[in-house]
file structure-v7.cif (mmCIF, N, CA and C atoms)
data_entry
#
loop_
_atom_site.label_atom_id
_atom_site.label_comp_id
_atom_site.auth_asym_id
_atom_site.auth_seq_id
_atom_site.Cartn_x
_atom_site.Cartn_y
_atom_site.Cartn_z
N MET A 1 121.67 130.07 117.92
CA MET A 1 121.02 129.69 116.67
C MET A 1 121.86 128.67 115.93
N GLU A 2 123.18 128.93 115.90
CA GLU A 2 124.08 128.02 115.19
C GLU A 2 124.16 126.66 115.88
N SER A 3 124.12 126.61 117.22
CA SER A 3 124.22 125.34 117.93
C SER A 3 122.98 124.48 117.73
N SER A 4 121.79 125.09 117.64
CA SER A 4 120.58 124.29 117.41
C SER A 4 120.60 123.68 116.02
N HIS A 5 121.17 124.38 115.05
CA HIS A 5 121.28 123.84 113.70
C HIS A 5 122.23 122.64 113.68
N LYS A 6 123.34 122.75 114.41
CA LYS A 6 124.29 121.63 114.49
C LYS A 6 123.68 120.45 115.23
N ASP A 7 122.87 120.70 116.29
CA ASP A 7 122.20 119.62 117.01
C ASP A 7 121.23 118.88 116.10
N ALA A 8 120.52 119.62 115.28
CA ALA A 8 119.58 118.99 114.34
C ALA A 8 120.33 118.14 113.32
N GLU A 9 121.47 118.64 112.83
CA GLU A 9 122.27 117.85 111.89
C GLU A 9 122.81 116.60 112.55
N THR A 10 123.28 116.71 113.79
CA THR A 10 123.80 115.56 114.52
C THR A 10 122.71 114.51 114.73
N ALA A 11 121.51 114.96 115.08
CA ALA A 11 120.40 114.02 115.27
C ALA A 11 120.02 113.35 113.97
N ALA A 12 120.06 114.09 112.87
CA ALA A 12 119.73 113.51 111.56
C ALA A 12 120.77 112.47 111.16
N VAL A 13 122.04 112.76 111.41
CA VAL A 13 123.10 111.79 111.08
C VAL A 13 122.96 110.55 111.96
N ALA A 14 122.66 110.72 113.24
CA ALA A 14 122.50 109.58 114.14
C ALA A 14 121.30 108.74 113.74
N ALA A 15 120.21 109.38 113.30
CA ALA A 15 119.01 108.64 112.87
C ALA A 15 119.29 107.89 111.59
N ALA A 16 120.09 108.48 110.70
CA ALA A 16 120.42 107.79 109.44
C ALA A 16 121.35 106.61 109.69
N ALA A 17 122.21 106.72 110.70
CA ALA A 17 123.14 105.64 110.99
C ALA A 17 122.48 104.48 111.72
N ASP A 18 121.38 104.75 112.41
CA ASP A 18 120.68 103.72 113.17
C ASP A 18 119.79 102.91 112.23
N PRO A 19 120.01 101.59 112.07
CA PRO A 19 119.22 100.81 111.12
C PRO A 19 117.76 100.67 111.52
N ARG A 20 117.41 100.88 112.77
CA ARG A 20 116.02 100.76 113.19
C ARG A 20 115.23 102.02 112.88
N GLY A 21 115.87 103.07 112.43
CA GLY A 21 115.18 104.28 112.06
C GLY A 21 114.92 105.22 113.23
N ALA A 22 115.49 104.98 114.38
CA ALA A 22 115.28 105.85 115.54
C ALA A 22 116.63 106.23 116.11
N SER A 23 116.73 107.43 116.57
CA SER A 23 117.96 107.89 117.19
C SER A 23 118.07 107.28 118.58
N SER A 24 119.25 106.76 118.90
CA SER A 24 119.42 106.12 120.20
C SER A 24 119.41 107.15 121.33
N SER A 25 119.76 108.41 121.03
CA SER A 25 119.77 109.43 122.08
C SER A 25 118.38 109.95 122.39
N SER A 26 117.46 109.91 121.42
CA SER A 26 116.13 110.46 121.67
C SER A 26 115.18 109.42 122.25
N GLY A 27 115.40 108.14 122.01
CA GLY A 27 114.55 107.10 122.55
C GLY A 27 113.20 106.99 121.85
N VAL A 28 113.09 107.54 120.65
CA VAL A 28 111.83 107.52 119.91
C VAL A 28 111.81 106.27 119.03
N VAL A 29 110.70 105.54 119.10
CA VAL A 29 110.52 104.37 118.26
C VAL A 29 109.45 104.68 117.23
N VAL A 30 109.78 104.47 115.98
CA VAL A 30 108.84 104.74 114.90
C VAL A 30 108.32 103.41 114.38
N GLN A 31 107.00 103.30 114.30
CA GLN A 31 106.38 102.08 113.80
C GLN A 31 105.53 102.43 112.59
N VAL A 32 105.67 101.67 111.53
CA VAL A 32 104.91 101.90 110.31
C VAL A 32 103.90 100.79 110.15
N ARG A 33 102.64 101.17 109.90
CA ARG A 33 101.57 100.19 109.70
C ARG A 33 101.02 100.39 108.30
N GLU A 34 100.74 99.29 107.64
CA GLU A 34 100.17 99.33 106.30
C GLU A 34 98.67 99.59 106.40
N LYS A 35 98.21 100.58 105.66
CA LYS A 35 96.78 100.85 105.62
C LYS A 35 96.21 100.10 104.42
N LYS A 36 95.24 99.24 104.69
CA LYS A 36 94.67 98.41 103.63
C LYS A 36 93.32 98.97 103.22
N GLY A 37 93.06 98.92 101.92
CA GLY A 37 91.74 99.29 101.41
C GLY A 37 90.76 98.17 101.71
N PRO A 38 89.47 98.41 101.46
CA PRO A 38 88.47 97.39 101.80
C PRO A 38 88.63 96.08 101.03
N LEU A 39 89.01 96.15 99.76
CA LEU A 39 89.19 94.90 99.00
C LEU A 39 90.39 94.12 99.52
N ARG A 40 91.48 94.81 99.78
CA ARG A 40 92.69 94.14 100.28
C ARG A 40 92.47 93.59 101.68
N ALA A 41 91.74 94.33 102.51
CA ALA A 41 91.49 93.88 103.88
C ALA A 41 90.50 92.72 103.93
N ALA A 42 89.77 92.49 102.84
CA ALA A 42 88.78 91.40 102.81
C ALA A 42 89.41 90.05 102.47
N ILE A 43 90.71 90.02 102.15
CA ILE A 43 91.37 88.75 101.85
C ILE A 43 91.39 87.91 103.13
N PRO A 44 90.85 86.70 103.09
CA PRO A 44 90.77 85.90 104.32
C PRO A 44 92.09 85.25 104.71
N TYR A 45 92.26 85.03 106.01
CA TYR A 45 93.38 84.25 106.53
C TYR A 45 92.98 82.79 106.43
N MET A 46 93.58 82.07 105.50
CA MET A 46 93.23 80.67 105.25
C MET A 46 94.37 79.76 105.70
N PRO A 47 94.08 78.46 105.86
CA PRO A 47 95.18 77.52 106.09
C PRO A 47 96.14 77.53 104.89
N PHE A 48 97.40 77.26 105.15
CA PHE A 48 98.42 77.34 104.10
C PHE A 48 98.10 76.51 102.86
N PRO A 49 97.68 75.24 102.97
CA PRO A 49 97.39 74.47 101.75
C PRO A 49 96.26 75.08 100.92
N VAL A 50 95.25 75.62 101.56
CA VAL A 50 94.14 76.24 100.83
C VAL A 50 94.62 77.50 100.12
N ALA A 51 95.47 78.27 100.78
CA ALA A 51 96.02 79.48 100.17
C ALA A 51 96.87 79.15 98.94
N VAL A 52 97.65 78.08 99.02
CA VAL A 52 98.48 77.67 97.88
C VAL A 52 97.59 77.21 96.72
N ILE A 53 96.52 76.49 97.01
CA ILE A 53 95.58 76.08 95.96
C ILE A 53 94.94 77.30 95.31
N CYS A 54 94.56 78.29 96.12
CA CYS A 54 93.97 79.52 95.56
C CYS A 54 94.99 80.27 94.70
N LEU A 55 96.25 80.30 95.12
CA LEU A 55 97.30 80.92 94.30
C LEU A 55 97.43 80.18 92.97
N PHE A 56 97.44 78.85 93.02
CA PHE A 56 97.53 78.04 91.80
C PHE A 56 96.36 78.33 90.87
N LEU A 57 95.15 78.36 91.43
CA LEU A 57 93.97 78.64 90.62
C LEU A 57 94.02 80.05 90.03
N ASN A 58 94.44 81.04 90.83
CA ASN A 58 94.53 82.41 90.34
C ASN A 58 95.58 82.56 89.25
N THR A 59 96.61 81.73 89.30
CA THR A 59 97.67 81.82 88.29
C THR A 59 97.19 81.34 86.94
N PHE A 60 96.40 80.29 86.92
CA PHE A 60 96.00 79.70 85.64
C PHE A 60 94.61 80.10 85.17
N VAL A 61 93.72 80.45 86.08
CA VAL A 61 92.38 80.95 85.73
C VAL A 61 92.14 82.20 86.59
N PRO A 62 92.43 83.39 86.05
CA PRO A 62 92.33 84.61 86.85
C PRO A 62 90.97 84.76 87.53
N GLY A 63 91.01 84.99 88.83
CA GLY A 63 89.80 85.21 89.61
C GLY A 63 89.22 83.97 90.26
N LEU A 64 89.58 82.79 89.78
CA LEU A 64 88.98 81.57 90.32
C LEU A 64 89.41 81.32 91.77
N GLY A 65 90.68 81.53 92.08
CA GLY A 65 91.16 81.35 93.45
C GLY A 65 90.54 82.38 94.40
N THR A 66 90.35 83.59 93.91
CA THR A 66 89.71 84.63 94.72
C THR A 66 88.25 84.26 94.96
N PHE A 67 87.60 83.70 93.95
CA PHE A 67 86.22 83.25 94.08
C PHE A 67 86.12 82.15 95.13
N VAL A 68 87.05 81.19 95.10
CA VAL A 68 87.06 80.11 96.09
C VAL A 68 87.32 80.67 97.49
N SER A 69 88.23 81.65 97.58
CA SER A 69 88.54 82.22 98.89
C SER A 69 87.35 82.96 99.49
N ALA A 70 86.44 83.45 98.65
CA ALA A 70 85.24 84.11 99.16
C ALA A 70 84.40 83.14 99.99
N PHE A 71 84.38 81.88 99.58
CA PHE A 71 83.59 80.90 100.31
C PHE A 71 84.25 80.48 101.62
N THR A 72 85.58 80.67 101.74
CA THR A 72 86.23 80.38 103.02
C THR A 72 85.79 81.38 104.08
N VAL A 73 85.40 82.58 103.65
CA VAL A 73 84.88 83.57 104.60
C VAL A 73 83.58 83.05 105.21
N LEU A 74 82.74 82.43 104.37
CA LEU A 74 81.49 81.87 104.88
C LEU A 74 81.73 80.67 105.80
N CYS A 75 82.90 80.04 105.65
CA CYS A 75 83.25 78.90 106.51
C CYS A 75 83.97 79.33 107.78
N GLY A 76 84.12 80.63 108.00
CA GLY A 76 84.69 81.11 109.25
C GLY A 76 86.09 81.66 109.18
N ALA A 77 86.65 81.83 107.97
CA ALA A 77 88.00 82.40 107.87
C ALA A 77 87.97 83.86 108.33
N ARG A 78 89.00 84.25 109.08
CA ARG A 78 89.10 85.60 109.63
C ARG A 78 89.66 86.56 108.57
N THR A 79 89.23 87.81 108.62
CA THR A 79 89.76 88.84 107.73
C THR A 79 90.19 90.05 108.57
N ASP A 80 90.71 91.06 107.90
CA ASP A 80 91.09 92.30 108.58
C ASP A 80 89.93 93.30 108.64
N LEU A 81 88.72 92.82 108.39
CA LEU A 81 87.52 93.66 108.49
C LEU A 81 86.59 93.08 109.56
N PRO A 82 86.98 93.16 110.85
CA PRO A 82 86.15 92.54 111.89
C PRO A 82 84.82 93.25 112.12
N ASP A 83 84.74 94.54 111.74
CA ASP A 83 83.51 95.28 111.98
C ASP A 83 82.46 95.09 110.89
N ARG A 84 82.83 94.41 109.80
CA ARG A 84 81.89 94.18 108.70
C ARG A 84 81.24 92.81 108.86
N HIS A 85 80.02 92.69 108.38
CA HIS A 85 79.29 91.43 108.44
C HIS A 85 79.92 90.43 107.46
N VAL A 86 79.78 89.15 107.74
CA VAL A 86 80.37 88.09 106.92
C VAL A 86 79.88 88.19 105.47
N CYS A 87 78.61 88.49 105.28
CA CYS A 87 78.07 88.58 103.92
C CYS A 87 78.71 89.73 103.14
N CYS A 88 78.98 90.84 103.82
CA CYS A 88 79.61 91.98 103.17
C CYS A 88 81.03 91.62 102.72
N VAL A 89 81.78 90.94 103.58
CA VAL A 89 83.14 90.52 103.23
C VAL A 89 83.10 89.49 102.10
N PHE A 90 82.11 88.59 102.12
CA PHE A 90 81.93 87.62 101.05
C PHE A 90 81.74 88.34 99.72
N TRP A 91 80.86 89.34 99.68
CA TRP A 91 80.59 90.06 98.44
C TRP A 91 81.77 90.92 98.01
N LEU A 92 82.56 91.41 98.94
CA LEU A 92 83.78 92.13 98.56
C LEU A 92 84.76 91.20 97.84
N ASN A 93 84.88 89.96 98.32
CA ASN A 93 85.75 88.99 97.66
C ASN A 93 85.19 88.60 96.29
N ILE A 94 83.87 88.45 96.18
CA ILE A 94 83.26 88.15 94.88
C ILE A 94 83.51 89.30 93.91
N ALA A 95 83.40 90.55 94.40
CA ALA A 95 83.67 91.72 93.56
C ALA A 95 85.12 91.72 93.08
N ALA A 96 86.06 91.38 93.97
CA ALA A 96 87.47 91.31 93.58
C ALA A 96 87.67 90.24 92.51
N ALA A 97 87.00 89.10 92.66
CA ALA A 97 87.11 88.02 91.66
C ALA A 97 86.55 88.48 90.31
N LEU A 98 85.42 89.17 90.33
CA LEU A 98 84.83 89.66 89.07
C LEU A 98 85.72 90.70 88.41
N ILE A 99 86.33 91.58 89.20
CA ILE A 99 87.27 92.56 88.64
C ILE A 99 88.44 91.84 87.97
N GLN A 100 88.95 90.80 88.62
CA GLN A 100 90.07 90.05 88.06
C GLN A 100 89.66 89.35 86.76
N ILE A 101 88.48 88.76 86.75
CA ILE A 101 88.02 88.03 85.55
C ILE A 101 87.78 89.00 84.40
N LEU A 102 87.10 90.11 84.67
CA LEU A 102 86.73 91.04 83.61
C LEU A 102 87.93 91.80 83.04
N THR A 103 88.96 92.03 83.85
CA THR A 103 90.13 92.76 83.36
C THR A 103 91.27 91.83 82.94
N ALA A 104 91.02 90.53 82.97
CA ALA A 104 92.07 89.58 82.57
C ALA A 104 92.38 89.66 81.09
N ILE A 105 91.42 90.10 80.29
CA ILE A 105 91.65 90.16 78.84
C ILE A 105 92.69 91.21 78.47
N VAL A 106 92.93 92.18 79.34
CA VAL A 106 93.97 93.17 79.09
C VAL A 106 95.17 92.96 80.01
N MET A 107 95.30 91.77 80.55
CA MET A 107 96.42 91.32 81.40
C MET A 107 96.43 91.94 82.80
N VAL A 108 95.70 93.01 83.02
CA VAL A 108 95.69 93.65 84.33
C VAL A 108 95.08 92.71 85.37
N GLY A 109 93.97 92.08 85.02
CA GLY A 109 93.30 91.17 85.94
C GLY A 109 94.12 89.95 86.25
N TRP A 110 94.87 89.46 85.26
CA TRP A 110 95.70 88.28 85.48
C TRP A 110 96.82 88.60 86.46
N ILE A 111 97.46 89.75 86.26
CA ILE A 111 98.54 90.16 87.17
C ILE A 111 97.97 90.42 88.56
N MET A 112 96.81 91.10 88.62
CA MET A 112 96.17 91.35 89.93
C MET A 112 95.82 90.03 90.61
N SER A 113 95.36 89.07 89.83
CA SER A 113 94.97 87.77 90.37
C SER A 113 96.16 87.03 90.97
N ILE A 114 97.29 87.09 90.29
CA ILE A 114 98.51 86.43 90.80
C ILE A 114 98.97 87.10 92.09
N PHE A 115 98.97 88.43 92.11
CA PHE A 115 99.37 89.15 93.33
C PHE A 115 98.38 88.87 94.46
N TRP A 116 97.11 88.75 94.13
CA TRP A 116 96.09 88.45 95.14
C TRP A 116 96.38 87.08 95.76
N GLY A 117 96.71 86.10 94.92
CA GLY A 117 97.06 84.77 95.41
C GLY A 117 98.31 84.79 96.28
N MET A 118 99.29 85.60 95.88
CA MET A 118 100.51 85.72 96.69
C MET A 118 100.19 86.34 98.05
N ASP A 119 99.29 87.32 98.07
CA ASP A 119 98.87 87.90 99.35
C ASP A 119 98.18 86.86 100.23
N MET A 120 97.39 85.98 99.62
CA MET A 120 96.73 84.92 100.39
C MET A 120 97.76 84.01 101.06
N VAL A 121 98.79 83.65 100.32
CA VAL A 121 99.84 82.78 100.88
C VAL A 121 100.61 83.51 101.97
N ILE A 122 100.93 84.78 101.76
CA ILE A 122 101.65 85.55 102.77
C ILE A 122 100.82 85.66 104.05
N LEU A 123 99.51 85.91 103.91
CA LEU A 123 98.65 85.98 105.09
C LEU A 123 98.57 84.63 105.80
N ALA A 124 98.53 83.54 105.03
CA ALA A 124 98.49 82.20 105.64
C ALA A 124 99.77 81.91 106.41
N ILE A 125 100.91 82.31 105.85
CA ILE A 125 102.19 82.11 106.53
C ILE A 125 102.25 82.95 107.81
N SER A 126 101.83 84.22 107.72
CA SER A 126 101.88 85.08 108.91
C SER A 126 100.92 84.58 109.99
N GLN A 127 99.77 84.05 109.60
CA GLN A 127 98.82 83.49 110.56
C GLN A 127 99.42 82.25 111.24
N GLY A 128 100.13 81.43 110.47
CA GLY A 128 100.78 80.25 111.04
C GLY A 128 101.83 80.61 112.06
N TYR A 129 102.59 81.67 111.78
CA TYR A 129 103.58 82.13 112.74
C TYR A 129 102.92 82.65 114.01
N LYS A 130 101.82 83.37 113.88
CA LYS A 130 101.13 83.91 115.05
C LYS A 130 100.58 82.79 115.92
N GLU A 131 100.04 81.73 115.28
CA GLU A 131 99.48 80.62 116.04
C GLU A 131 100.55 79.85 116.79
N GLN A 132 101.76 79.77 116.21
CA GLN A 132 102.82 79.02 116.85
C GLN A 132 103.63 79.89 117.82
N GLY A 133 103.40 81.20 117.79
CA GLY A 133 104.12 82.09 118.68
C GLY A 133 105.54 82.35 118.25
N ILE A 134 105.85 82.13 116.98
CA ILE A 134 107.21 82.34 116.46
C ILE A 134 107.31 83.77 115.93
N PRO A 135 108.37 84.51 116.27
CA PRO A 135 108.53 85.85 115.70
C PRO A 135 108.73 85.74 114.19
N GLN A 136 108.07 86.63 113.45
CA GLN A 136 108.11 86.54 111.99
C GLN A 136 108.90 87.70 111.39
N GLN A 137 109.52 87.43 110.27
CA GLN A 137 110.22 88.45 109.49
C GLN A 137 109.88 88.21 108.03
N LEU A 138 108.81 88.83 107.57
CA LEU A 138 108.42 88.70 106.17
C LEU A 138 108.87 89.88 105.39
#

call {"tool": "encode", "arguments": {"input": "structure-v7.cif", "output": "structure tokens"}}
result
Amino acid sequence: MESSHKDAETAAVAAAADPRGASSSSGVVVQVREKKGPLRAAIPYMPFPVAVICLFLNTFVPGLGTFVSAFTVLCGARTDLPDRHVCCVFWLNIAAALIQILTAIVMVGWIMSIFWGMDMVILAISQGYKEQGIPQQL
């Protein structure tokens, strides 16, 4: 009984010392995936310049960049909702833009709008890395 307790402590110390989060003796690899809600998953993967323009628009006019990004979905931009129809994803983006516009008067929508624009740029950068085959570290 005492030896199993010490083995568990040793494994915990080894896992804490390993920066990858896995014990080298057990060979277990832990992978964490972000679960996105439907509004967050509806953000389109746009070209980098378009994403920066949407961020700029969202910074100065809350919801406008999100509104513009909704139309990129109709132009063929990919999203993380492949099982949903294009019109559904378009309306999800329009809903996100309306939420940002309507809640901007209490600053919540403005902050949400800026973060939404930052997510657009991050997705554009990650898409660029995937297309070029370069390993990414965001």

call {"tool": "closest_residue", "arguments": {"input": "structure-v7.cif", "among": "A:Ile53, A:Phe115, A:Ala124, A:Tyr45", "to": "Ala77 (chain A)", "atoms": "all atoms listed in the file"}}
result
A:Tyr45

call {"tool": "atom_distance", "arguments": {"input": "structure-v7.cif", "atom1": "atom N of Asn58 (chain A)", "atom2": "atom N of Cys87 (chain A)"}}
result
22.7 Å

call {"tool": "atom_distance", "arguments": {"input": "structure-v7.cif", "atom1": "CA of Val68 (chain A)", "atom2": "CA of Ile111 (chain A)"}}
result
17.7 Å

call {"tool": "select_by_dssp", "arguments": {"input": "structure-v7.cif", "residues": "region 2-126 of chain A", "states": "alpha helix (DSSP H)", "output": "PyMOL selection string"}}
result
chain A and resi 2-17+38-41+48-60+64-74+86-102+108-126

call {"tool": "closest_residue", "arguments": {"input": "structure-v7.cif", "among": "A:Cys54, A:Pro44, A:Ile125, A:Leu102", "to": "Gly76 (chain A)", "atoms": "only N, CA and C atoms"}}
result
A:Pro44

call {"tool": "resolve_selection", "arguments": {"input": "structure-v7.cif", "expression": "the PyMOL selection byres (((chain A and resi 72 and name CA) around 12) and name CA)", "output": "PyMOL selection string"}}
result
chain A and resi 42-47+50-51+54+65-71+73-79+86-87+89-90+93-94+120

call {"tool": "write_last_selection", "arguments": {"input": "structure-v7.cif", "atoms": "N, CA and C atoms", "output": "short mmCIF file (atom, residue, chain, number, x, y, z; two decimals), keeping the file's coordinate frame"}}
result
data_model
loop_
_atom_site.label_atom_id
_atom_site.label_comp_id
_atom_site.auth_asym_id
_atom_site.auth_seq_id
_atom_site.Cartn_x
_atom_site.Cartn_y
_atom_site.Cartn_z
N ALA A 42 89.77 92.49 102.84
CA ALA A 42 88.78 91.40 102.81
C ALA A 42 89.41 90.05 102.47
N ILE A 43 90.71 90.02 102.15
CA ILE A 43 91.37 88.75 101.85
C ILE A 43 91.39 87.91 103.13
N PRO A 44 90.85 86.70 103.09
CA PRO A 44 90.77 85.90 104.32
C PRO A 44 92.09 85.25 104.71
N TYR A 45 92.26 85.03 106.01
CA TYR A 45 93.38 84.25 106.53
C TYR A 45 92.98 82.79 106.43
N MET A 46 93.58 82.07 105.50
CA MET A 46 93.23 80.67 105.25
C MET A 46 94.37 79.76 105.70
N PRO A 47 94.08 78.46 105.86
CA PRO A 47 95.18 77.52 106.09
C PRO A 47 96.14 77.53 104.89
N VAL A 50 95.25 75.62 101.56
CA VAL A 50 94.14 76.24 100.83
C VAL A 50 94.62 77.50 100.12
N ALA A 51 95.47 78.27 100.78
CA ALA A 51 96.02 79.48 100.17
C ALA A 51 96.87 79.15 98.94
N CYS A 54 94.56 78.29 96.12
CA CYS A 54 93.97 79.52 95.56
C CYS A 54 94.99 80.27 94.70
N GLY A 65 90.68 81.53 92.08
CA GLY A 65 91.16 81.35 93.45
C GLY A 65 90.54 82.38 94.40
N THR A 66 90.35 83.59 93.91
CA THR A 66 89.71 84.63 94.72
C THR A 66 88.25 84.26 94.96
N PHE A 67 87.60 83.70 93.95
CA PHE A 67 86.22 83.25 94.08
C PHE A 67 86.12 82.15 95.13
N VAL A 68 87.05 81.19 95.10
CA VAL A 68 87.06 80.11 96.09
C VAL A 68 87.32 80.67 97.49
N SER A 69 88.23 81.65 97.58
CA SER A 69 88.54 82.22 98.89
C SER A 69 87.35 82.96 99.49
N ALA A 70 86.44 83.45 98.65
CA ALA A 70 85.24 84.11 99.16
C ALA A 70 84.40 83.14 99.99
N PHE A 71 84.38 81.88 99.58
CA PHE A 71 83.59 80.90 100.31
C PHE A 71 84.25 80.48 101.62
N VAL A 73 85.40 82.58 103.65
CA VAL A 73 84.88 83.57 104.60
C VAL A 73 83.58 83.05 105.21
N LEU A 74 82.74 82.43 104.37
CA LEU A 74 81.49 81.87 104.88
C LEU A 74 81.73 80.67 105.80
N CYS A 75 82.90 80.04 105.65
CA CYS A 75 83.25 78.90 106.51
C CYS A 75 83.97 79.33 107.78
N GLY A 76 84.12 80.63 108.00
CA GLY A 76 84.69 81.11 109.25
C GLY A 76 86.09 81.66 109.18
N ALA A 77 86.65 81.83 107.97
CA ALA A 77 88.00 82.40 107.87
C ALA A 77 87.97 83.86 108.33
N ARG A 78 89.00 84.25 109.08
CA ARG A 78 89.10 85.60 109.63
C ARG A 78 89.66 86.56 108.57
N THR A 79 89.23 87.81 108.62
CA THR A 79 89.76 88.84 107.73
C THR A 79 90.19 90.05 108.57
N VAL A 86 79.78 89.15 107.74
CA VAL A 86 80.37 88.09 106.92
C VAL A 86 79.88 88.19 105.47
N CYS A 87 78.61 88.49 105.28
CA CYS A 87 78.07 88.58 103.92
C CYS A 87 78.71 89.73 103.14
N VAL A 89 81.78 90.94 103.58
CA VAL A 89 83.14 90.52 103.23
C VAL A 89 83.10 89.49 102.10
N PHE A 90 82.11 88.59 102.12
CA PHE A 90 81.93 87.62 101.05
C PHE A 90 81.74 88.34 99.72
N ASN A 93 84.88 89.96 98.32
CA ASN A 93 85.75 88.99 97.66
C ASN A 93 85.19 88.60 96.29
N ILE A 94 83.87 88.45 96.18
CA ILE A 94 83.26 88.15 94.88
C ILE A 94 83.51 89.30 93.91
N MET A 120 97.39 85.98 99.62
CA MET A 120 96.73 84.92 100.39
C MET A 120 97.76 84.01 101.06
#

call {"tool": "atom_distance", "arguments": {"input": "structure-v7.cif", "atom1": "CA of Val30 (chain A)", "atom2": "CA of Trp116 (chain A)"}}
result
28.6 Å

call {"tool": "resolve_selection", "arguments": {"input": "structure-v7.cif", "expression": "the PyMOL selection byres ((chain A and resi 110) around 8)", "output": "ChimeraX atom specification"}}
result
/A:58-59,61-63,99-109,111-116

call {"tool": "decode", "arguments": {"input": "structure-v7.cif", "residues": "region 43-59 of chain A", "atoms": "N, CA and C atoms", "output": "compact mmCIF listing (two decimals), in the first residue's frame"}}
result
# COMPACT_ATOMS: atom_id res chain seq x y z
N ILE A 43 -16.85 32.35 -37.05
CA ILE A 43 -15.91 33.36 -37.54
C ILE A 43 -15.17 32.78 -38.75
N PRO A 44 -15.22 33.47 -39.89
CA PRO A 44 -14.61 32.91 -41.11
C PRO A 44 -13.09 33.05 -41.13
N TYR A 45 -12.45 32.11 -41.83
CA TYR A 45 -11.02 32.20 -42.11
C TYR A 45 -10.87 33.08 -43.34
N MET A 46 -10.38 34.30 -43.15
CA MET A 46 -10.27 35.27 -44.24
C MET A 46 -8.80 35.49 -44.58
N PRO A 47 -8.52 36.07 -45.75
CA PRO A 47 -7.15 36.49 -46.03
C PRO A 47 -6.70 37.54 -45.00
N PHE A 48 -5.42 37.56 -44.72
CA PHE A 48 -4.89 38.44 -43.68
C PHE A 48 -5.27 39.91 -43.86
N PRO A 49 -5.14 40.51 -45.05
CA PRO A 49 -5.50 41.93 -45.19
C PRO A 49 -6.98 42.20 -44.89
N VAL A 50 -7.86 41.29 -45.27
CA VAL A 50 -9.29 41.47 -45.00
C VAL A 50 -9.55 41.37 -43.50
N ALA A 51 -8.87 40.45 -42.83
CA ALA A 51 -9.03 40.30 -41.38
C ALA A 51 -8.55 41.56 -40.65
N VAL A 52 -7.46 42.15 -41.10
CA VAL A 52 -6.95 43.38 -40.47
C VAL A 52 -7.94 44.53 -40.69
N ILE A 53 -8.52 44.62 -41.87
CA ILE A 53 -9.53 45.66 -42.14
C ILE A 53 -10.74 45.46 -41.23
N CYS A 54 -11.17 44.21 -41.06
CA CYS A 54 -12.31 43.93 -40.17
C CYS A 54 -11.96 44.29 -38.72
N LEU A 55 -10.73 44.01 -38.28
CA LEU A 55 -10.31 44.40 -36.94
C LEU A 55 -10.35 45.92 -36.80
N PHE A 56 -9.84 46.63 -37.80
CA PHE A 56 -9.86 48.10 -37.78
C PHE A 56 -11.29 48.62 -37.70
N LEU A 57 -12.18 48.06 -38.51
CA LEU A 57 -13.58 48.48 -38.49
C LEU A 57 -14.23 48.18 -37.14
N ASN A 58 -13.97 46.99 -36.59
CA ASN A 58 -14.54 46.62 -35.30
C ASN A 58 -14.02 47.50 -34.17
N THR A 59 -12.80 48.00 -34.31
CA THR A 59 -12.23 48.84 -33.26
C THR A 59 -12.91 50.20 -33.21
